[in-house]
Amino acid sequence: AGDWVRPDINFLTTMAIYTAARFITVAQASAGFSNVGLLSVMSLFAVAAGVARTGGLERVIRWTTGREKRHTLLLVRMLAPVMAASAFLNNTPIVSVLIPIVMTWSRRNGVSPKAILVCLSYCTILGGTCTLIGTSTNLVVAGFQASA
């Protein structure tokens, strides 16, 4: 409730305590991780974090946007790389990498970032729905369908 501990640490610690106290078995504690969709989502977060940390996506976006001054043309130029990236990576890291770029561009050109950020969000959602691995929801549903 207070965000004193990161959620992943909190979850793993609680699961370890429950397993050690024999409230649940090890098989029960790890049963949720056997879903292929969940494992795929977890691995995509690692890939997306790597892309975000290396700055690969940021370089592509800066190259595509260039020195564009009008926000409509910026959106058109940013649309394709954002949708392509979100088709194969998770949407959240893509948006978090691009927010500072959009904010800097907006400040530099005197444009309100609201419209660009909303379009950026919609572009990542649209790109994510193009492939099975594009969104977490697609992967989880596919995993449930495969196990049913």
# chains A, B, ... in the order shown; residues from 1 in each chain; ligands from 1
$ select_by_dssp --residues "segment 9-148 of chain A" --states "alpha helix (DSSP H)" --output "PyMOL selection string"
chain A and resi 9-20+26-30+36-54+56-65+71-88+91-109+113-128+136-147
$ closest_residue --among "A:Pro113, A:Pro100, A:Pro93, A:Gly128" --to "Gly50 of chain A" --atoms "only C-alpha atoms"
A:Pro93
$ residues_around --residues "segment 103-108 of chain A" --least-positions-apart "3" --cutoff "12 Å" --atoms "only C-alpha atoms" --output "JSON, numbers by chain"
{"A": [61, 62, 65, 66, 67, 68, 69, 70, 71, 74, 75, 95, 96, 97, 98, 99, 100, 111, 112, 113, 114, 115, 116, 117, 120]}
$ atom_distance --atom1 "atom CA of Gln145 of chain A" --atom2 "atom CA of Cys130 of chain A"
18.3 Å
$ residues_around --residues "Ile125 of chain A" --least-positions-apart "6" --cutoff "9 Å" --atoms "only C-alpha atoms" --output "PyMOL selection string"
chain A and resi 83+86-87+91+134-135
$ closest_residue --among "A:Ala146, A:Ala27, A:Val102, A:Ala85" --to "Thr129 of chain A" --atoms "only C-alpha atoms"
A:Ala85
$ atom_distance --atom1 "atom CA of Phe88 of chain A" --atom2 "atom CA of Thr64 of chain A"
18.7 Å
$ closest_residue --among "A:Asn90, A:Ala80, A:Gly110, A:Arg59" --to "Asn138 of chain A" --atoms "only C-alpha atoms"
A:Asn90
$ atom_distance --atom1 "atom CA of Phe144 of chain A" --atom2 "atom CA of Ser30 of chain A"
16.4 Å
$ closest_residue --among "A:Ile133, A:Val26, A:Ile17, A:Ile94" --to "Arg53 of chain A" --atoms "only C-alpha atoms"
A:Ile94
$ decode --residues "segment 57-89 of chain A" --atoms "N, CA and C atoms" --output "mmCIF file, in the first residue's frame"
data_model
loop_
_atom_site.group_PDB
_atom_site.id
_atom_site.type_symbol
_atom_site.label_atom_id
_atom_site.label_comp_id
_atom_site.auth_asym_id
_atom_site.auth_seq_id
_atom_site.Cartn_x
_atom_site.Cartn_y
_atom_site.Cartn_z
ATOM 1 N N LEU A 57 15.726 2.291 -29.802
ATOM 2 C CA LEU A 57 14.463 2.876 -30.245
ATOM 3 C C LEU A 57 14.552 4.396 -30.291
ATOM 4 N N GLU A 58 15.230 4.970 -29.317
ATOM 5 C CA GLU A 58 15.379 6.428 -29.282
ATOM 6 C C GLU A 58 16.132 6.935 -30.508
ATOM 7 N N ARG A 59 17.173 6.225 -30.935
ATOM 8 C CA ARG A 59 17.924 6.625 -32.126
ATOM 9 C C ARG A 59 17.067 6.570 -33.382
ATOM 10 N N VAL A 60 16.259 5.514 -33.486
ATOM 11 C CA VAL A 60 15.396 5.371 -34.666
ATOM 12 C C VAL A 60 14.378 6.500 -34.717
ATOM 13 N N ILE A 61 13.761 6.821 -33.574
ATOM 14 C CA ILE A 61 12.743 7.877 -33.540
ATOM 15 C C ILE A 61 13.376 9.226 -33.831
ATOM 16 N N ARG A 62 14.533 9.505 -33.247
ATOM 17 C CA ARG A 62 15.187 10.796 -33.522
ATOM 18 C C ARG A 62 15.571 10.905 -34.995
ATOM 19 N N TRP A 63 15.988 9.799 -35.592
ATOM 20 C CA TRP A 63 16.338 9.808 -37.015
ATOM 21 C C TRP A 63 15.089 10.043 -37.867
ATOM 22 N N THR A 64 13.977 9.416 -37.493
ATOM 23 C CA THR A 64 12.755 9.579 -38.297
ATOM 24 C C THR A 64 12.130 10.950 -38.124
ATOM 25 N N THR A 65 12.150 11.473 -36.922
ATOM 26 C CA THR A 65 11.516 12.778 -36.713
ATOM 27 C C THR A 65 12.365 13.906 -37.271
ATOM 28 N N GLY A 66 13.663 13.727 -37.271
ATOM 29 C CA GLY A 66 14.542 14.748 -37.838
ATOM 30 C C GLY A 66 14.352 16.104 -37.178
ATOM 31 N N ARG A 67 14.269 17.137 -37.984
ATOM 32 C CA ARG A 67 14.091 18.498 -37.473
ATOM 33 C C ARG A 67 12.691 19.006 -37.789
ATOM 34 N N GLU A 68 11.727 18.124 -37.721
ATOM 35 C CA GLU A 68 10.344 18.465 -38.045
ATOM 36 C C GLU A 68 9.814 19.533 -37.087
ATOM 37 N N LYS A 69 9.115 20.525 -37.632
ATOM 38 C CA LYS A 69 8.594 21.629 -36.820
ATOM 39 C C LYS A 69 7.082 21.537 -36.595
ATOM 40 N N ARG A 70 6.351 20.911 -37.523
ATOM 41 C CA ARG A 70 4.898 20.820 -37.381
ATOM 42 C C ARG A 70 4.510 19.498 -36.730
ATOM 43 N N HIS A 71 3.581 19.574 -35.777
ATOM 44 C CA HIS A 71 3.256 18.364 -35.035
ATOM 45 C C HIS A 71 2.501 17.330 -35.871
ATOM 46 N N THR A 72 1.759 17.741 -36.880
ATOM 47 C CA THR A 72 1.062 16.758 -37.714
ATOM 48 C C THR A 72 2.056 15.928 -38.519
ATOM 49 N N LEU A 73 3.077 16.568 -39.057
ATOM 50 C CA LEU A 73 4.092 15.819 -39.796
ATOM 51 C C LEU A 73 4.946 14.965 -38.865
ATOM 52 N N LEU A 74 5.164 15.444 -37.648
ATOM 53 C CA LEU A 74 5.891 14.645 -36.664
ATOM 54 C C LEU A 74 5.130 13.355 -36.387
ATOM 55 N N LEU A 75 3.821 13.461 -36.215
ATOM 56 C CA LEU A 75 3.017 12.270 -35.955
ATOM 57 C C LEU A 75 3.062 11.297 -37.123
ATOM 58 N N VAL A 76 2.985 11.811 -38.327
ATOM 59 C CA VAL A 76 3.034 10.949 -39.509
ATOM 60 C C VAL A 76 4.378 10.227 -39.584
ATOM 61 N N ARG A 77 5.469 10.937 -39.307
ATOM 62 C CA ARG A 77 6.804 10.343 -39.386
ATOM 63 C C ARG A 77 7.068 9.372 -38.237
ATOM 64 N N MET A 78 6.433 9.589 -37.087
ATOM 65 C CA MET A 78 6.645 8.735 -35.937
ATOM 66 C C MET A 78 5.737 7.501 -35.969
ATOM 67 N N LEU A 79 4.671 7.540 -36.738
ATOM 68 C CA LEU A 79 3.664 6.487 -36.746
ATOM 69 C C LEU A 79 4.251 5.117 -37.104
ATOM 70 N N ALA A 80 4.952 5.011 -38.197
ATOM 71 C CA ALA A 80 5.444 3.713 -38.671
ATOM 72 C C ALA A 80 6.443 3.051 -37.715
ATOM 73 N N PRO A 81 7.503 3.767 -37.260
ATOM 74 C CA PRO A 81 8.439 3.082 -36.360
ATOM 75 C C PRO A 81 7.826 2.701 -35.015
ATOM 76 N N VAL A 82 6.915 3.539 -34.510
ATOM 77 C CA VAL A 82 6.281 3.221 -33.225
ATOM 78 C C VAL A 82 5.395 1.989 -33.366
ATOM 79 N N MET A 83 4.610 1.936 -34.438
ATOM 80 C CA MET A 83 3.742 0.781 -34.634
ATOM 81 C C MET A 83 4.562 -0.482 -34.889
ATOM 82 N N ALA A 84 5.634 -0.369 -35.646
ATOM 83 C CA ALA A 84 6.479 -1.542 -35.915
ATOM 84 C C ALA A 84 7.134 -2.050 -34.634
ATOM 85 N N ALA A 85 7.625 -1.138 -33.822
ATOM 86 C CA ALA A 85 8.258 -1.552 -32.565
ATOM 87 C C ALA A 85 7.248 -2.178 -31.613
ATOM 88 N N SER A 86 6.056 -1.602 -31.522
ATOM 89 C CA SER A 86 5.071 -2.133 -30.582
ATOM 90 C C SER A 86 4.444 -3.423 -31.063
ATOM 91 N N ALA A 87 4.631 -3.769 -32.329
ATOM 92 C CA ALA A 87 4.142 -5.060 -32.802
ATOM 93 C C ALA A 87 4.998 -6.195 -32.251
ATOM 94 N N PHE A 88 6.262 -5.902 -31.915
ATOM 95 C CA PHE A 88 7.163 -6.959 -31.466
ATOM 96 C C PHE A 88 7.712 -6.754 -30.061
ATOM 97 N N LEU A 89 7.437 -5.620 -29.458
ATOM 98 C CA LEU A 89 7.864 -5.348 -28.086
ATOM 99 C C LEU A 89 6.650 -4.954 -27.263
#
